[in-house]
Structures are given as C-alpha cells and as structure tokens.
$ cat my_file06.tsv   # TSV, C-alpha atoms
chain	number	residue	atom	x	y	z
A	1	MET	CA	-13.47	-52.11	25.11
A	2	ALA	CA	-16.02	-50.19	23.08
A	3	THR	CA	-16.00	-50.15	19.32
A	4	SER	CA	-18.13	-48.36	16.78
A	5	ASN	CA	-20.31	-50.06	14.24
A	6	ASN	CA	-21.57	-48.51	11.01
A	7	ASN	CA	-24.26	-46.50	12.82
A	8	ASN	CA	-21.75	-44.71	15.08
A	9	ASN	CA	-23.37	-46.50	18.00
A	10	PRO	CA	-20.71	-47.91	20.31
A	11	THR	CA	-21.05	-51.52	21.24
A	12	ILE	CA	-19.16	-53.56	23.77
A	13	GLN	CA	-16.81	-56.29	22.70
A	14	GLN	CA	-17.22	-58.76	25.49
A	15	ASP	CA	-14.44	-61.02	26.64
A	16	THR	CA	-15.85	-64.39	25.67
A	17	THR	CA	-13.70	-66.32	28.12
A	18	THR	CA	-15.56	-67.20	31.27
A	19	PRO	CA	-13.36	-67.32	34.34
A	20	PRO	CA	-13.61	-70.43	36.49
A	21	CYS	CA	-14.41	-70.12	40.17
A	22	ASP	CA	-11.25	-69.44	42.20
A	23	TYR	CA	-12.50	-71.79	44.93
A	24	CYS	CA	-13.72	-74.92	43.11
A	25	ASN	CA	-12.13	-74.23	39.70
A	26	HIS	CA	-15.10	-76.08	38.19
A	27	HIS	CA	-18.10	-73.73	37.81
A	28	ILE	CA	-18.20	-70.35	36.09
A	29	ALA	CA	-17.39	-67.42	38.36
A	30	VAL	CA	-20.18	-64.83	38.54
A	31	ILE	CA	-19.37	-63.03	41.82
A	32	PHE	CA	-16.40	-60.86	42.68
A	33	CYS	CA	-15.37	-60.60	46.35
A	34	ARG	CA	-13.55	-57.30	46.81
A	35	ALA	CA	-11.94	-58.26	50.13
A	36	ASP	CA	-10.35	-61.40	48.71
A	37	SER	CA	-10.08	-60.24	45.07
A	38	ALA	CA	-11.69	-63.59	44.30
A	39	LYS	CA	-14.04	-64.65	41.52
A	40	LEU	CA	-16.56	-67.21	42.78
A	41	CYS	CA	-19.47	-69.26	41.51
A	42	LEU	CA	-22.80	-68.87	43.30
A	43	PHE	CA	-22.42	-72.03	45.32
A	44	CYS	CA	-18.83	-71.43	46.48
A	45	ASP	CA	-19.68	-67.83	47.37
A	46	HIS	CA	-22.28	-69.17	49.76
A	47	ILE	CA	-19.85	-71.69	51.26
A	48	VAL	CA	-16.98	-69.23	51.66
A	49	HIS	CA	-19.00	-66.32	53.00
A	50	SER	CA	-21.15	-68.31	55.42
A	51	ALA	CA	-18.03	-69.71	57.13
A	52	ASN	CA	-17.97	-66.97	59.78
A	53	THR	CA	-19.40	-63.55	60.59
A	54	LEU	CA	-16.30	-61.71	59.40
A	55	SER	CA	-16.37	-63.23	55.91
A	56	SER	CA	-20.13	-62.63	55.66
A	57	LYS	CA	-19.36	-58.90	55.85
A	58	HIS	CA	-17.27	-58.98	52.65
A	59	LEU	CA	-18.69	-56.71	49.95
A	60	ARG	CA	-19.40	-58.68	46.77
A	61	SER	CA	-20.98	-58.01	43.41
A	62	GLN	CA	-21.48	-59.56	40.01
A	63	ILE	CA	-18.57	-59.78	37.59
A	64	CYS	CA	-18.48	-57.36	34.64
A	65	ASP	CA	-19.97	-58.73	31.40
A	66	GLY	CA	-17.31	-56.83	29.45
A	67	CYS	CA	-13.97	-57.66	31.04
A	68	ARG	CA	-15.09	-60.72	33.09
A	69	SER	CA	-12.70	-59.77	35.88
A	70	ALA	CA	-13.88	-56.66	37.73
A	71	PRO	CA	-16.83	-55.95	40.03
A	72	VAL	CA	-19.80	-54.29	38.37
A	73	SER	CA	-20.91	-50.74	39.09
A	74	VAL	CA	-23.79	-50.25	36.64
A	75	ARG	CA	-26.55	-52.18	34.88
A	76	CYS	CA	-27.34	-51.11	31.32
A	77	SER	CA	-30.93	-52.24	30.76
A	78	THR	CA	-30.79	-51.13	27.13
A	79	ASP	CA	-28.00	-53.61	26.33
A	80	ASN	CA	-28.93	-56.05	29.13
A	81	LEU	CA	-25.39	-55.90	30.56
A	82	VAL	CA	-23.74	-55.31	33.92
A	83	LEU	CA	-20.50	-53.38	33.61
A	84	CYS	CA	-17.56	-52.28	35.71
A	85	ARG	CA	-16.69	-48.58	35.90
A	86	ASP	CA	-14.09	-48.78	33.10
A	87	TYR	CA	-16.31	-50.66	30.65
A	88	ASP	CA	-19.26	-48.38	31.42
A	89	LEU	CA	-17.15	-45.29	30.71
A	90	ASP	CA	-15.76	-46.88	27.56
A	91	ALA	CA	-19.20	-47.91	26.27
A	92	HIS	CA	-21.32	-44.97	27.37
A	93	GLY	CA	-18.99	-42.03	27.86
A	94	SER	CA	-18.19	-40.95	24.33
A	95	CYS	CA	-21.45	-41.19	22.37
A	96	ALA	CA	-24.69	-39.28	22.92
A	97	VAL	CA	-26.78	-42.26	21.76
A	98	SER	CA	-25.28	-44.76	24.19
A	99	ALA	CA	-25.06	-42.14	26.96
A	100	ALA	CA	-28.86	-42.05	26.85
A	101	HIS	CA	-29.12	-45.79	27.61
A	102	ASP	CA	-31.14	-46.77	30.67
A	103	ARG	CA	-28.37	-47.30	33.25
A	104	THR	CA	-28.72	-47.94	36.97
A	105	PRO	CA	-25.94	-47.96	39.59
A	106	ILE	CA	-25.46	-51.35	41.26
A	107	GLU	CA	-24.58	-51.71	44.91
A	108	GLY	CA	-22.68	-54.72	46.17
A	109	PHE	CA	-24.11	-57.08	48.76
A	110	THR	CA	-22.99	-58.65	52.01
A	111	GLY	CA	-24.31	-61.51	54.08
A	112	THR	CA	-25.08	-65.00	52.90
A	113	PRO	CA	-28.00	-65.00	50.48
A	114	SER	CA	-28.65	-68.41	48.99
A	115	PRO	CA	-27.49	-69.08	45.43
A	116	VAL	CA	-31.14	-69.43	44.39
A	117	ASP	CA	-32.03	-66.03	45.90
A	118	LEU	CA	-29.07	-64.32	44.22
A	119	ALA	CA	-29.89	-65.86	40.87
A	120	ALA	CA	-33.54	-64.84	41.19
A	121	ASN	CA	-32.57	-61.26	42.11
A	122	TRP	CA	-30.37	-61.07	39.00
A	123	GLY	CA	-32.96	-62.69	36.72
A	124	LEU	CA	-30.91	-65.85	36.18
A	125	GLU	CA	-32.19	-69.40	35.71
A	126	LEU	CA	-30.25	-72.08	37.57
A	127	GLY	CA	-32.07	-74.99	35.93
A	128	LEU	CA	-32.93	-76.54	39.28
A	129	ASP	CA	-36.50	-77.47	38.29
A	130	GLN	CA	-35.35	-80.62	36.49
A	131	LYS	CA	-33.27	-81.70	39.47
A	132	LYS	CA	-36.21	-81.19	41.82
A	133	LYS	CA	-38.43	-83.46	39.71
A	134	ARG	CA	-35.96	-86.35	39.80
A	135	ASN	CA	-36.45	-88.84	42.60
A	136	PRO	CA	-33.56	-88.35	45.05
A	137	ASN	CA	-33.40	-92.13	45.57
A	138	ASP	CA	-32.69	-92.73	41.86
A	139	THR	CA	-29.08	-93.33	41.04
A	140	VAL	CA	-27.50	-91.43	38.19
A	141	PRO	CA	-26.31	-93.90	35.55
A	142	ASP	CA	-22.72	-93.67	34.43
A	143	SER	CA	-21.98	-93.05	30.74
A	144	GLY	CA	-21.64	-96.80	30.01
A	145	GLN	CA	-25.03	-97.57	31.50
A	146	ARG	CA	-26.56	-94.65	29.61
A	147	ALA	CA	-25.12	-95.82	26.28
A	148	GLU	CA	-26.43	-99.35	26.91
A	149	ARG	CA	-29.92	-98.03	27.69
A	150	GLU	CA	-29.89	-95.88	24.54
A	151	ARG	CA	-28.96	-98.90	22.40
A	152	GLU	CA	-31.78	-100.91	23.99
A	153	ASN	CA	-34.27	-98.09	23.30
A	154	GLU	CA	-33.21	-97.90	19.64
A	155	SER	CA	-33.98	-101.62	19.13
$ encode --input "my_file06.tsv" --output "structure tokens"
Amino acid sequence: MATSNNNNNPTIQQDTTTPPCDYCNHHIAVIFCRADSAKLCLFCDHIVHSANTLSSKHLRSQICDGCRSAPVSVRCSTDNLVLCRDYDLDAHGSCAVSAAHDRTPIEGFTGTPSPVDLAANWGLELGLDQKKKRNPNDTVPDSGQRAERERENES
C-alpha cells in the first residue's frame, strides 16, 4: 500500500511481518514458488527443488518487500526494494516523481542454484564467514555451558 508523505512523494508501507518458510517453518521465507504457491527459505528451496527434475523446473522468485506474500516483478533501485505487480503499481503508478524511479523487471528462475549463489545474486549476506572460521570438530556449548564460561571469564 502506498501512502503520501509531506512532499507528495509516495512511499511504501511495508508489511513488517516476515513469513516463515512453509517447509521448515523455522527460517524466514524469501522465495515464492509459483507452482506450489509456497514461500520458502533459501535452504529449503534448494532441498525441495533439487528433489527431482520436474520440481527443478518450477518458476520461483523473491517475495515482495511490500506485501511479503507475492512473487516480485520489479526491482526499484531508487528505494532498494523488490515489489510485486500490485505494490509496484501502487507505489509508482500515481506520482510523476516515483514513476521516474530506476525500476527493472525481474524474471523468475528455475533449476537448483545453491543458497549461497542466490544470496550473492541478490546482494544478500548469509553470515557464513563466521561459521567457516569455526573448527568443525569443535562442539557448540549449550546455554548452561556458555553461562558458566562467561561467569569464569568475569572472575
């Protein structure tokens, strides 16, 4: 939904709720699968769509930054948003200033790109560098062990 501020420049009121992944119900959904009408996190998208050649042909795209439920159709570089057709029309269709924003159509994708490749293509940081630096043989302490170590370090 677009609203006007004092400068008559429409802005987008984003839905601040982030939908959980329909597959794991744990991570934030960032991909919309049109064939399944499913919202998926990067990792579950890779799992689901690498299961067989038919599912790898499903057309998918990012989820709209405005409504958080529809596939995107345009990237607005001016506002640094990806928007579905309805939100794009709402935000850019009625004002000459916002209609001049730098907008690019977005195509969906098929296949099974890795989560890291998708994130890189979209300019996202997954925060995997810290995990790579940790020794894979180290065990992750539970919260009780962590609290005990913190108390020892404070002494």
$ residues_around --input "my_file06.tsv" --residues "Phe109 in chain A" --least-positions-apart "5" --cutoff "7 Å" --atoms "all atoms listed in the file" --output "PDB file with C-alpha atoms, in the coordinates of the input"
ATOM      1  CA  LEU A  59     -18.690 -56.710  49.950  1.00  0.00           C
ATOM      2  CA  ARG A  60     -19.400 -58.680  46.770  1.00  0.00           C
ATOM      3  CA  SER A  61     -20.980 -58.010  43.410  1.00  0.00           C
TER       4      SER A  61
END
$ residues_around --input "my_file06.tsv" --residues "Ala70 in chain A" --least-positions-apart "2" --cutoff "10 Å" --atoms "all atoms listed in the file" --output "compact mmCIF listing (two decimals) with C-alpha atoms, in the frame of the given file"
# COMPACT_ATOMS: atom_id res chain seq x y z
CA ILE A 31 -19.37 -63.03 41.82
CA PHE A 32 -16.40 -60.86 42.68
CA CYS A 33 -15.37 -60.60 46.35
CA ARG A 34 -13.55 -57.30 46.81
CA SER A 37 -10.08 -60.24 45.07
CA ALA A 38 -11.69 -63.59 44.30
CA LYS A 39 -14.04 -64.65 41.52
CA SER A 61 -20.98 -58.01 43.41
CA GLN A 62 -21.48 -59.56 40.01
CA ILE A 63 -18.57 -59.78 37.59
CA CYS A 64 -18.48 -57.36 34.64
CA ASP A 65 -19.97 -58.73 31.40
CA GLY A 66 -17.31 -56.83 29.45
CA CYS A 67 -13.97 -57.66 31.04
CA ARG A 68 -15.09 -60.72 33.09
CA VAL A 72 -19.80 -54.29 38.37
CA SER A 73 -20.91 -50.74 39.09
CA LEU A 83 -20.50 -53.38 33.61
CA CYS A 84 -17.56 -52.28 35.71
CA ARG A 85 -16.69 -48.58 35.90
CA ASP A 86 -14.09 -48.78 33.10
CA TYR A 87 -16.31 -50.66 30.65
$ atom_distance --input "my_file06.tsv" --atom1 "CA of Trp122 in chain A" --atom2 "CA of Phe43 in chain A"
14.9 Å
$ atom_distance --input "my_file06.tsv" --atom1 "CA of Arg103 in chain A" --atom2 "CA of Arg75 in chain A"
5.5 Å
$ closest_residue --input "my_file06.tsv" --among "A:Asp45, A:Glu107, A:Asp79, A:Asp90" --to "Ile28 in chain A" --atoms "only C-alpha atoms"
A:Asp45
$ atom_distance --input "my_file06.tsv" --atom1 "CA of His46 in chain A" --atom2 "CA of Thr112 in chain A"
5.9 Å
